[in-house]
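Enquirer: For reference, the file coords_18.txt (compact mmCIF, C-alpha atoms and all ligand atoms) is included below:
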# COMPACT_ATOMS: atom_id res chain seq x y z
CA MET A 486 0.00 0.00 0.00
CA LEU A 487 1.32 3.40 -0.89
CA ARG A 488 1.37 5.72 2.01
CA VAL A 489 1.17 9.37 1.25
CA ARG A 490 2.35 11.63 4.00
CA LEU A 491 0.27 14.76 4.00
CA SER A 492 2.41 17.82 4.35
CA VAL A 493 0.66 19.60 7.17
CA SER A 494 2.01 22.97 8.06
CA VAL A 495 3.87 22.55 11.32
CA GLU A 496 3.92 25.37 13.85
CA ALA A 497 7.27 26.57 15.16
CA LEU A 498 5.94 26.24 18.70
CA SER A 499 2.68 24.88 19.91
CA ALA A 500 2.05 24.87 23.65
CA VAL A 501 -1.16 23.56 25.18
CA GLU A 502 -2.26 24.13 28.77
CA VAL A 503 1.25 24.30 30.18
CA ARG A 504 1.35 24.31 33.97
CA LYS A 505 4.29 24.54 36.31
CA THR A 506 4.33 24.36 40.07
CA TYR A 507 7.70 24.81 41.74
CA HIS A 508 8.15 22.73 44.87
CA THR A 509 10.85 23.78 47.26
CA ARG A 510 11.32 21.76 50.41
CA GLY A 511 9.83 23.48 53.46
CA GLN A 512 8.19 26.17 51.36
CA THR A 513 4.75 26.76 49.95
CA PRO A 514 4.64 25.52 46.32
CA VAL A 515 4.62 28.28 43.69
CA GLU A 516 2.16 27.96 40.82
CA ALA A 517 4.23 29.76 38.19
CA LEU A 518 2.16 28.70 35.16
CA ARG A 519 -1.54 27.90 35.38
CA GLY A 520 -2.38 26.71 31.88
CA VAL A 521 -0.57 28.66 29.17
CA SER A 522 -1.40 27.87 25.55
CA MET A 523 0.44 29.55 22.71
CA THR A 524 1.10 29.08 19.02
CA LEU A 525 4.00 30.56 17.10
CA ARG A 526 3.80 30.31 13.36
CA LYS A 527 6.98 29.92 11.38
CA GLY A 528 8.68 33.27 10.80
CA GLU A 529 6.79 35.15 13.51
CA ARG A 530 8.32 37.49 16.08
CA ILE A 531 6.37 37.21 19.31
CA ALA A 532 6.90 39.07 22.57
CA LEU A 533 5.89 37.87 26.01
CA LEU A 534 5.04 40.70 28.33
CA GLY A 535 4.20 40.57 31.99
CA ARG A 536 5.14 41.85 35.40
CA ASN A 537 8.05 40.45 37.39
CA GLY A 538 7.17 36.94 38.45
CA ALA A 539 4.37 36.54 35.89
CA GLY A 540 5.89 33.32 34.53
CA LYS A 541 7.67 34.42 31.34
CA THR A 542 11.06 32.89 32.09
CA THR A 543 9.42 29.71 33.34
CA PHE A 544 7.56 29.38 30.04
CA LEU A 545 10.72 30.04 28.01
CA ARG A 546 12.72 27.53 30.02
CA ILE A 547 10.07 24.85 29.56
CA SER A 548 9.73 25.57 25.83
CA SER A 549 13.49 25.40 25.37
CA THR A 550 13.83 21.97 27.09
CA LEU A 551 15.58 23.36 30.18
CA LEU A 552 12.74 22.66 32.60
CA LEU A 553 9.94 20.10 32.75
CA PRO A 554 6.37 21.33 33.09
CA THR A 555 4.08 19.89 35.75
CA SER A 556 1.53 19.18 33.00
CA GLY A 557 0.62 20.24 29.48
CA SER A 558 2.15 19.54 26.10
CA LEU A 559 4.56 21.38 23.81
CA GLU A 560 5.80 20.78 20.30
CA VAL A 561 8.60 22.54 18.43
CA PHE A 562 8.29 22.04 14.67
CA GLY A 563 6.19 18.96 15.41
CA SER A 564 8.67 17.39 17.85
CA ASP A 565 7.53 16.70 21.39
CA VAL A 566 9.54 18.94 23.72
CA ILE A 567 9.05 16.69 26.75
CA ALA A 568 9.45 13.26 25.16
CA HIS A 569 12.13 14.18 22.63
CA PRO A 570 14.21 17.15 23.82
CA GLU A 571 17.14 15.80 21.80
CA GLN A 572 15.15 16.40 18.59
CA VAL A 573 14.26 19.91 19.68
CA ARG A 574 17.66 21.18 20.85
CA PRO A 575 19.32 21.42 17.41
CA LEU A 576 16.36 23.54 16.25
CA ILE A 577 16.55 26.15 18.99
CA ALA A 578 18.95 28.62 20.58
CA VAL A 579 18.46 30.50 23.82
CA VAL A 580 19.56 33.77 25.40
CA PRO A 581 18.81 33.04 29.06
CA GLN A 582 17.77 35.76 31.45
CA GLU A 583 20.87 37.22 33.10
CA GLY A 584 23.21 34.95 31.13
CA LYS A 585 26.83 36.02 30.89
CA PRO A 586 29.52 35.15 28.33
CA PHE A 587 32.44 33.01 29.46
CA PHE A 588 34.74 35.54 31.10
CA HIS A 589 37.96 33.93 29.88
CA LEU A 590 36.98 33.64 26.26
CA THR A 591 36.88 36.49 23.79
CA PRO A 592 33.58 37.16 22.02
CA ARG A 593 35.06 35.67 18.83
CA GLU A 594 36.16 32.51 20.65
CA GLN A 595 32.85 32.12 22.48
CA ILE A 596 30.67 32.40 19.38
CA TYR A 597 32.97 30.15 17.37
CA ALA A 598 33.06 27.49 20.13
CA TYR A 599 29.30 27.56 20.41
CA LEU A 600 28.79 27.09 16.68
CA ARG A 601 31.34 24.28 16.54
CA ALA A 602 29.63 22.55 19.49
CA ARG A 603 26.40 22.72 17.49
CA GLY A 604 28.12 20.92 14.63
CA VAL A 605 28.84 23.81 12.26
CA ASP A 606 31.95 23.29 10.10
CA ARG A 607 35.02 25.48 10.60
CA GLU A 608 34.75 27.80 7.61
CA PRO A 609 31.00 28.48 7.79
CA ALA A 610 31.40 28.94 11.56
CA LYS A 611 34.12 31.56 11.04
CA ALA A 612 31.96 33.41 8.53
CA SER A 613 28.94 33.38 10.86
CA VAL A 614 31.08 34.62 13.76
CA SER A 615 32.30 37.62 11.74
CA GLU A 616 28.79 38.38 10.56
CA ALA A 617 27.30 38.22 14.08
CA LEU A 618 30.14 40.32 15.56
CA GLY A 619 29.51 42.90 12.86
CA GLN A 620 25.74 42.92 13.36
CA MET A 621 26.12 43.46 17.11
CA GLY A 622 28.81 46.15 16.71
CA LEU A 623 31.38 44.05 18.54
CA GLU A 624 34.29 44.16 16.08
CA ALA A 625 36.38 46.51 18.19
CA VAL A 626 36.18 44.24 21.24
CA ALA A 627 35.99 40.89 19.45
CA ASP A 628 39.43 39.77 20.63
CA ARG A 629 39.32 41.02 24.20
CA LEU A 630 38.49 38.70 27.10
CA SER A 631 34.82 39.03 27.92
CA VAL A 632 35.69 39.76 31.55
CA THR A 633 36.96 43.16 30.39
CA LEU A 634 33.76 44.12 28.56
CA SER A 635 31.09 46.52 29.77
CA GLY A 636 27.69 45.20 30.86
CA GLY A 637 25.99 46.13 27.61
CA GLN A 638 28.85 44.68 25.56
CA LYS A 639 28.56 41.37 27.42
CA GLN A 640 24.86 41.30 26.70
CA ARG A 641 25.60 41.96 23.02
CA VAL A 642 27.89 38.93 23.05
CA MET A 643 25.05 36.79 24.41
CA VAL A 644 22.74 37.95 21.63
CA ALA A 645 25.45 37.64 18.97
CA THR A 646 26.09 34.04 20.04
CA VAL A 647 22.48 33.09 19.48
CA ILE A 648 22.03 35.14 16.31
CA ALA A 649 25.08 33.43 14.80
CA THR A 650 23.33 30.04 15.04
CA LYS A 651 20.53 31.19 12.72
CA ALA A 652 18.52 28.48 14.51
CA PRO A 653 14.95 28.00 13.27
CA LEU A 654 13.52 29.01 16.68
CA LEU A 655 15.17 31.52 18.97
CA PHE A 656 14.22 32.18 22.58
CA LEU A 657 15.49 35.47 23.98
CA ASP A 658 14.78 36.34 27.61
CA GLU A 659 15.19 40.10 28.00
CA PRO A 660 17.84 40.20 25.27
CA THR A 661 18.41 43.94 25.25
CA ILE A 662 18.63 44.53 28.97
CA GLY A 663 21.36 47.03 29.75
CA MET A 664 21.91 47.94 26.10
CA ASP A 665 22.06 51.51 24.87
CA PRO A 666 19.36 52.68 22.43
CA PHE A 667 21.66 52.13 19.43
CA ALA A 668 22.54 48.58 20.43
CA ARG A 669 18.88 47.77 21.05
CA ARG A 670 18.05 48.85 17.53
CA GLU A 671 20.87 46.73 16.15
CA VAL A 672 19.36 43.75 17.92
CA TRP A 673 15.90 44.53 16.55
CA GLU A 674 17.32 44.81 13.04
CA SER A 675 19.21 41.52 13.32
CA LEU A 676 16.16 39.72 14.67
CA ARG A 677 13.97 41.11 11.90
CA ARG A 678 16.51 39.95 9.33
CA LEU A 679 16.55 36.45 10.83
CA THR A 680 12.78 36.12 10.65
CA VAL A 681 12.81 37.29 7.05
CA GLN A 682 15.20 34.40 6.45
CA GLY A 683 12.70 32.04 8.09
CA SER A 684 13.59 31.89 11.79
CA THR A 685 10.93 32.29 14.45
CA ILE A 686 11.49 34.37 17.57
CA LEU A 687 10.00 34.36 21.04
CA LEU A 688 11.33 37.08 23.31
CA THR A 689 10.49 38.68 26.59
CA THR A 690 11.01 42.32 27.34
CA HIS A 691 10.00 44.97 29.81
CA TYR A 692 10.61 47.65 27.17
CA LEU A 693 7.20 48.10 25.64
CA ASP A 694 8.49 50.28 22.82
CA GLU A 695 10.73 47.36 21.91
CA ALA A 696 7.84 44.92 22.03
CA GLU A 697 5.81 47.19 19.79
CA SER A 698 8.54 47.88 17.29
CA LEU A 699 9.83 44.36 17.04
CA SER A 700 7.03 41.89 17.48
CA GLN A 701 4.06 41.10 15.32
CA ARG A 702 2.00 39.68 18.15
CA LEU A 703 2.15 39.91 21.92
CA TYR A 704 1.10 37.69 24.75
CA VAL A 705 0.55 39.41 28.08
CA ILE A 706 1.12 36.96 30.92
CA GLU A 707 -0.23 37.69 34.37
CA ASP A 708 0.00 35.36 37.32
CA GLY A 709 0.80 32.33 35.18
CA ARG A 710 -1.98 32.82 32.64
CA VAL A 711 -2.33 34.47 29.24
CA LEU A 712 -4.23 37.64 29.99
CA VAL A 713 -4.45 38.98 26.44
CA GLU A 714 -3.00 38.07 23.07
CA GLY A 715 -2.92 40.09 19.89
CA THR A 716 -1.19 42.80 17.92
CA ALA A 717 0.00 45.92 19.74
CA SER A 718 -2.71 48.00 18.12
CA ALA A 719 -5.45 45.52 19.03
CA ILE A 720 -4.24 45.51 22.62
CA LYS A 721 -4.15 49.31 22.71
CA GLN A 722 -7.72 49.47 21.46
CA GLN A 723 -8.83 47.53 24.51
CA VAL A 724 -8.22 50.51 26.79
CA GLY A 725 -11.02 52.63 25.38
CA GLY A 726 -9.42 55.25 23.18
CA SER A 727 -6.45 55.99 20.99
CA LEU A 728 -5.45 59.34 22.52
CA LYS A 729 -4.18 60.43 25.86
CA VAL A 730 -4.54 63.90 27.33
CA SER A 731 -2.01 64.58 30.08
CA VAL A 732 -2.66 67.35 32.57
CA ALA A 733 0.11 68.23 35.01
CA ASN A 734 -1.27 69.12 38.45
CA GLY A 735 -4.66 68.18 37.05
CA GLU A 736 -6.24 66.62 40.13
CA SER A 737 -8.61 69.60 40.44
CA LEU A 738 -10.01 68.74 37.00
CA ARG A 739 -10.46 65.03 37.68
CA GLU A 740 -14.19 65.21 38.26
CA GLN A 741 -14.90 67.40 35.25
CA LEU A 742 -12.82 65.23 32.96
CA SER A 743 -13.99 61.84 34.17
CA SER A 744 -16.97 61.86 31.81
CA PHE A 745 -14.63 62.07 28.79
CA GLY A 746 -12.86 58.77 29.36
CA GLU A 747 -10.79 56.78 31.77
CA ILE A 748 -8.40 58.64 34.07
CA VAL A 749 -5.04 57.26 35.17
CA SER A 750 -2.96 59.08 37.77
CA ASP A 751 0.80 59.32 37.61
CA GLY A 752 2.20 61.42 40.42
CA GLY A 753 0.44 64.76 40.25
CA THR A 754 -0.29 64.31 36.55
CA ILE A 755 -3.55 62.85 35.38
CA HIS A 756 -3.87 61.10 32.02
CA LEU A 757 -7.21 60.86 30.33
CA ILE A 758 -7.65 58.12 27.76
CA THR A 759 -10.12 59.30 25.21
CA SER A 760 -11.05 59.50 21.56
CA PRO A 761 -10.12 62.22 19.01
CA GLU A 762 -13.60 63.79 18.75
CA ARG A 763 -13.55 64.72 22.45
CA ILE A 764 -10.22 66.52 22.44
CA ASN A 765 -11.58 70.01 21.76
CA ASP A 766 -13.99 69.92 24.71
CA ILE A 767 -11.30 68.60 27.02
CA MET A 768 -8.78 71.24 25.98
CA ALA A 769 -11.41 73.94 26.49
CA ILE A 770 -11.93 72.80 30.10
CA ALA A 771 -8.17 72.79 30.76
CA MET A 772 -7.73 76.24 29.22
CA LYS A 773 -10.60 77.69 31.21
CA ALA A 774 -8.92 76.43 34.37
CA GLY A 775 -5.61 77.93 33.20
CA ILE A 776 -3.94 74.50 33.27
CA SER A 777 -1.91 73.29 30.30
CA ALA A 778 -2.59 69.89 28.79
CA THR A 779 -0.77 67.85 26.17
CA VAL A 780 -2.22 65.33 23.75
CA GLY A 781 -0.46 62.22 22.48
CA PRO A 782 -1.20 58.69 21.31
CA VAL A 783 -1.87 55.96 23.86
CA THR A 784 1.29 53.92 24.17
CA LEU A 785 1.53 50.18 24.58
CA GLU A 786 2.95 50.83 28.04
CA GLU A 787 -0.20 52.67 29.08
CA ALA A 788 -2.39 49.94 27.66
CA PHE A 789 -0.30 47.35 29.50
CA LEU A 790 -0.53 49.22 32.81
CA ARG A 791 -4.25 49.55 32.40
CA ILE A 792 -4.98 45.98 31.29
CA VAL A 793 -2.72 44.31 33.85
CA GLY A 794 -3.88 46.80 36.50
CA ARG A 795 -7.49 45.83 35.92
CA SER A 796 -6.59 42.20 36.27
CA ILE A 797 -4.70 42.81 39.52
CA HIS A 798 -7.71 44.58 40.94
CA GLY A 799 -10.01 41.78 39.91
CA GLU A 800 -11.89 43.72 37.23
CA GLU A 801 -13.00 42.02 34.06
CA VAL A 802 -10.55 42.34 31.18
N1 LIG B 1 13.32 27.73 40.81
C1 LIG B 1 12.24 28.27 41.35
N2 LIG B 1 11.73 27.81 42.52
C2 LIG B 1 10.63 28.34 43.08
N3 LIG B 1 9.95 29.37 42.53
C3 LIG B 1 10.39 29.86 41.37
C4 LIG B 1 11.56 29.36 40.71
N4 LIG B 1 11.76 30.06 39.59
C5 LIG B 1 10.77 30.96 39.53
N5 LIG B 1 9.95 30.85 40.59
C6 LIG B 1 8.73 31.64 40.85
O1 LIG B 1 7.85 31.42 39.75
C7 LIG B 1 7.18 32.63 39.40
C8 LIG B 1 7.46 32.96 37.95
O2 LIG B 1 8.83 33.29 37.81
P1 LIG B 1 9.48 33.66 36.40
O3 LIG B 1 10.95 33.72 36.59
O4 LIG B 1 8.96 32.74 35.38
O5 LIG B 1 8.87 35.12 36.16
P2 LIG B 1 9.15 36.19 35.00
O6 LIG B 1 7.84 36.51 34.37
O7 LIG B 1 10.23 35.74 34.12
O8 LIG B 1 9.62 37.47 35.85
P3 LIG B 1 10.75 38.60 35.51
O9 LIG B 1 10.07 39.63 34.66
O10 LIG B 1 11.05 39.15 36.88
O11 LIG B 1 11.91 37.94 34.89
C9 LIG B 1 7.66 33.68 40.41
O12 LIG B 1 6.73 33.73 41.46
C10 LIG B 1 8.98 33.11 40.88
O13 LIG B 1 9.27 33.57 42.19
MG MG B 2 12.10 36.38 33.72
Kindly return the structure encoded in the file as structure tokens.

Expert:
Amino acid sequence: MLRVRLSVSVEALSAVEVRKTYHTRGQTPVEALRGVSMTLRKGERIALLGRNGAGKTTFLRISSTLLLPTSGSLEVFGSDVIAHPEQVRPLIAVVPQEGKPFFHLTPREQIYAYLRARGVDREPAKASVSEALGQMGLEAVADRLSVTLSGGQKQRVMVATVIATKAPLLFLDEPTIGMDPFARREVWESLRRLTVQGSTILLTTHYLDEAESLSQRLYVIEDGRVLVEGTASAIKQQVGGSLKVSVANGESLREQLSSFGEIVSDGGTIHLITSPERINDIMAIAMKAGISATVGPVTLEEAFLRIVGRSIHGEEV
């Protein structure tokens, strides 16, 4: 009998109902993940957002075969992450949270050694090392021991090491932490280039401008669950308006403005989230009171604060 294998499109990562409870002797167990499901299509750039302790690193560690879940299932390009981690490992590369390069290797040596350990031949490895060093702006320090590098330079080495693999699925846990704004943009550019070439990327970040600029979809994790999922603009639309009016020392106007939209306080400044057609009326109130107000777009950070804030306070999202 002729068997025809249907070519089904395989997701880069498919996670279903992943749970993780950490048990530490003598301590109350920690439910870090309470049923996270997620799908990454090939070539996507996805960001995981969430407060400290939300469960992002736990999810990345489980997805990248470094930690076993308590329950749930995960596949990377159709391979079972729990049953067959050895099939998954060649397909992935990881920048761990707070990872550091080997202090007594130079960036060039570290990246080369890593590629060789992954089975890349000498000449292609050398070429990939040069390319990654160039992309991360590390040429000038490529032959210095990593122990002598600055914090941001060390972090660039971590990212360069993973970028050089060109692995089909990359996990990056806060990859740009400690980097200057130029270096962050170099990372974004390199990651975009990799996905154009077919890689898939899952990253975490607390920089919401980075999440917005870099990723095509976002998952907001809160207390071990997926709180919302979608594009940055879809998530921003959930907060009830596309514009934000900021009024310094505006507490006296709070009551008058509250009918125009949702008010968020930030120190003495109040921010009113509203829609464009209401701006004129709002500005008229501020002017009458002799208080200046500025208008700008709602940022992803504001939407995040609002959406996660609602969840913390038990309101419906
Ligand atoms: N090895 C561990 N043993 C016990 N609890 C742990 C362990 N690792 C993490 N946790 C707990 O699990 C929860 C999720 O932690 P995790 O590191 O996944 O959060 P995160 O979203 O990555 O946070 P951050 O933004 O601070 O990096 C936290 O409550 C944390 O204290
Ligand atoms: Mg983390």

Enquirer: What does the list of residues within 12 Å of ligand LIG 1 (chain B) look like if you count only C-alpha atoms and all ligand atoms, written as number ranges by chain?

Expert: A: 504-519, 533-548, 551-554, 581-583, 657-660, 662, 688-692, 704-711

Enquirer: Export, as a short mmCIF file (atom, residue, chain, number, x, y, z; two decimals), in the coordinates of the input, the selected residues with C-alpha atoms.

Expert:
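To be explicit, this is the file written out as selection33.cif:
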data_model
loop_
_atom_site.label_atom_id
_atom_site.label_comp_id
_atom_site.auth_asym_id
_atom_site.auth_seq_id
_atom_site.Cartn_x
_atom_site.Cartn_y
_atom_site.Cartn_z
CA ARG A 504 1.35 24.31 33.97
CA LYS A 505 4.29 24.54 36.31
CA THR A 506 4.33 24.36 40.07
CA TYR A 507 7.70 24.81 41.74
CA HIS A 508 8.15 22.73 44.87
CA THR A 509 10.85 23.78 47.26
CA ARG A 510 11.32 21.76 50.41
CA GLY A 511 9.83 23.48 53.46
CA GLN A 512 8.19 26.17 51.36
CA THR A 513 4.75 26.76 49.95
CA PRO A 514 4.64 25.52 46.32
CA VAL A 515 4.62 28.28 43.69
CA GLU A 516 2.16 27.96 40.82
CA ALA A 517 4.23 29.76 38.19
CA LEU A 518 2.16 28.70 35.16
CA ARG A 519 -1.54 27.90 35.38
CA LEU A 533 5.89 37.87 26.01
CA LEU A 534 5.04 40.70 28.33
CA GLY A 535 4.20 40.57 31.99
CA ARG A 536 5.14 41.85 35.40
CA ASN A 537 8.05 40.45 37.39
CA GLY A 538 7.17 36.94 38.45
CA ALA A 539 4.37 36.54 35.89
CA GLY A 540 5.89 33.32 34.53
CA LYS A 541 7.67 34.42 31.34
CA THR A 542 11.06 32.89 32.09
CA THR A 543 9.42 29.71 33.34
CA PHE A 544 7.56 29.38 30.04
CA LEU A 545 10.72 30.04 28.01
CA ARG A 546 12.72 27.53 30.02
CA ILE A 547 10.07 24.85 29.56
CA SER A 548 9.73 25.57 25.83
CA LEU A 551 15.58 23.36 30.18
CA LEU A 552 12.74 22.66 32.60
CA LEU A 553 9.94 20.10 32.75
CA PRO A 554 6.37 21.33 33.09
CA PRO A 581 18.81 33.04 29.06
CA GLN A 582 17.77 35.76 31.45
CA GLU A 583 20.87 37.22 33.10
CA LEU A 657 15.49 35.47 23.98
CA ASP A 658 14.78 36.34 27.61
CA GLU A 659 15.19 40.10 28.00
CA PRO A 660 17.84 40.20 25.27
CA ILE A 662 18.63 44.53 28.97
CA LEU A 688 11.33 37.08 23.31
CA THR A 689 10.49 38.68 26.59
CA THR A 690 11.01 42.32 27.34
CA HIS A 691 10.00 44.97 29.81
CA TYR A 692 10.61 47.65 27.17
CA TYR A 704 1.10 37.69 24.75
CA VAL A 705 0.55 39.41 28.08
CA ILE A 706 1.12 36.96 30.92
CA GLU A 707 -0.23 37.69 34.37
CA ASP A 708 0.00 35.36 37.32
CA GLY A 709 0.80 32.33 35.18
CA ARG A 710 -1.98 32.82 32.64
CA VAL A 711 -2.33 34.47 29.24
#

Enquirer: Check the smallest atom-to-atom distance from each of A:Val580, A:Thr784, A:Gly794, A:Gly528 to ligand MG 2 (chain B) using all atoms listed in the file, then report the winner.

Expert: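 Among the listed residues, A:Val580 lies closest to ligand MG 2 (chain B).
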
Enquirer: Give me, as a VMD selection string, all polymer residues having an atom no more than 10 Å from A:Gln682, counting all atoms listed in the file and skipping those fewer than 4 positions away in the same chain.

Expert: chain A and resid 528 651 653 676 to 678

Enquirer: Would you mind exporting the chosen residues as a PDB file, in the coordinates of the input, restricted to C-alpha atoms?

Expert:
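Result file is again16.pdb:
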ATOM      1  CA  GLY A 528       8.680  33.270  10.800  1.00  0.00           C
ATOM      2  CA  LYS A 651      20.530  31.190  12.720  1.00  0.00           C
ATOM      3  CA  PRO A 653      14.950  28.000  13.270  1.00  0.00           C
ATOM      4  CA  LEU A 676      16.160  39.720  14.670  1.00  0.00           C
ATOM      5  CA  ARG A 677      13.970  41.110  11.900  1.00  0.00           C
ATOM      6  CA  ARG A 678      16.510  39.950   9.330  1.00  0.00           C
TER       7      ARG A 678
END

Enquirer: Just checking: using only C-alpha atoms, which residue out of A:Gly725, A:Gly775, A:Ser499, A:Ile770 ends up closest to A:Glu740?

Expert: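 Selected residue with least distance to A:Glu740: A:Ile770.
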
Enquirer: Which residue gives the smallest distance to A:Leu738 among A:Ala771, A:Leu693, A:Val644, A:Val521, with all atoms listed in the file counted?

Expert: A:Ala771

Enquirer: For a quick check of understanding, using only C-alpha atoms and all ligand atoms, which of A:Arg763, A:Gly584, A:Gly619, A:Leu590 has the smallest distance to ligand MG 2 (chain B)?

Expert: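 Looking only at the distances to ligand MG 2 (chain B), the closest residue turns out to be A:Gly584.
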
Enquirer: Would you kindly return, as an MDAnalysis selection string, each protein, DNA or RNA residue with an atom no farther than 10 Å from any atom of A:Ala668, considering all atoms listed in the file and excluding same-chain residues fewer than 3 positions away?

Expert: chainID A and resid 620:622 637:638 640:641 661 663:665 671:674

Enquirer: May I have the selected residues written with C-alpha atoms, as a compact mmCIF listing (two decimals), in the frame of the given file?

Expert:
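The file below, result-v1.txt, is the result:
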# COMPACT_ATOMS: atom_id res chain seq x y z
CA GLN A 620 25.74 42.92 13.36
CA MET A 621 26.12 43.46 17.11
CA GLY A 622 28.81 46.15 16.71
CA GLY A 637 25.99 46.13 27.61
CA GLN A 638 28.85 44.68 25.56
CA GLN A 640 24.86 41.30 26.70
CA ARG A 641 25.60 41.96 23.02
CA THR A 661 18.41 43.94 25.25
CA GLY A 663 21.36 47.03 29.75
CA MET A 664 21.91 47.94 26.10
CA ASP A 665 22.06 51.51 24.87
CA GLU A 671 20.87 46.73 16.15
CA VAL A 672 19.36 43.75 17.92
CA TRP A 673 15.90 44.53 16.55
CA GLU A 674 17.32 44.81 13.04

Enquirer: Would you pick out the contacts of A:Thr591 at 6 Å or less, using all atoms listed in the file, so that residues sharing its chain but fewer than 4 positions from it are not included, and give the list as a PyMOL selection string?

Expert: chain A and resi 628-631

Enquirer: Near A:Val724, counting all atoms listed in the file, which residues have an atom at most 6 Å away, once you skip same-chain residues fewer than 2 positions from it, shown as a PDB file with C-alpha atoms, in the coordinates of the input?

Expert:
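Writing done, so here's out.pdb:
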ATOM      1  CA  LYS A 721      -4.150  49.310  22.710  1.00  0.00           C
ATOM      2  CA  GLN A 722      -7.720  49.470  21.460  1.00  0.00           C
ATOM      3  CA  ALA A 788      -2.390  49.940  27.660  1.00  0.00           C
TER       4      ALA A 788
END

Enquirer: Given all atoms listed in the file as the basis, pick out the residue of A:Leu654, A:Val730, A:Leu699, A:Ala649 nearest to A:Arg603.

Expert: A:Ala649

Enquirer: Working from the structure I just supplied, which lacks atoms in stretch 759-771 of chain A, can you model N, CA and C atoms there and output them as a short mmCIF file (atom, residue, chain, number, x, y, z; two decimals), in the coordinates of the input?

Expert:
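Saved result, part-v5.cif, follows:
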data_model
loop_
_atom_site.label_atom_id
_atom_site.label_comp_id
_atom_site.auth_asym_id
_atom_site.auth_seq_id
_atom_site.Cartn_x
_atom_site.Cartn_y
_atom_site.Cartn_z
N THR A 759 -8.88 58.84 25.84
CA THR A 759 -10.12 59.30 25.21
C THR A 759 -10.03 59.15 23.69
N SER A 760 -11.04 59.62 23.02
CA SER A 760 -11.05 59.50 21.56
C SER A 760 -10.92 60.89 20.91
N PRO A 761 -10.47 60.95 19.64
CA PRO A 761 -10.12 62.22 19.01
C PRO A 761 -11.25 63.25 19.02
N GLU A 762 -12.51 62.81 18.86
CA GLU A 762 -13.60 63.79 18.75
C GLU A 762 -13.88 64.53 20.07
N ARG A 763 -13.28 64.08 21.16
CA ARG A 763 -13.55 64.72 22.45
C ARG A 763 -12.45 65.69 22.86
N ILE A 764 -11.39 65.73 22.04
CA ILE A 764 -10.22 66.52 22.44
C ILE A 764 -10.54 68.00 22.62
N ASN A 765 -11.32 68.57 21.68
CA ASN A 765 -11.58 70.01 21.76
C ASN A 765 -12.27 70.39 23.07
N ASP A 766 -13.27 69.62 23.46
CA ASP A 766 -13.99 69.92 24.71
C ASP A 766 -13.06 69.82 25.92
N ILE A 767 -12.21 68.81 25.88
CA ILE A 767 -11.30 68.60 27.02
C ILE A 767 -10.31 69.76 27.12
N MET A 768 -9.76 70.16 25.96
CA MET A 768 -8.78 71.24 25.98
C MET A 768 -9.44 72.55 26.44
N ALA A 769 -10.70 72.71 26.08
CA ALA A 769 -11.41 73.94 26.49
C ALA A 769 -11.53 73.99 28.01
N ILE A 770 -11.81 72.85 28.62
CA ILE A 770 -11.93 72.80 30.10
C ILE A 770 -10.59 73.14 30.74
N ALA A 771 -9.51 72.55 30.19
CA ALA A 771 -8.17 72.79 30.76
C ALA A 771 -7.79 74.27 30.62
#
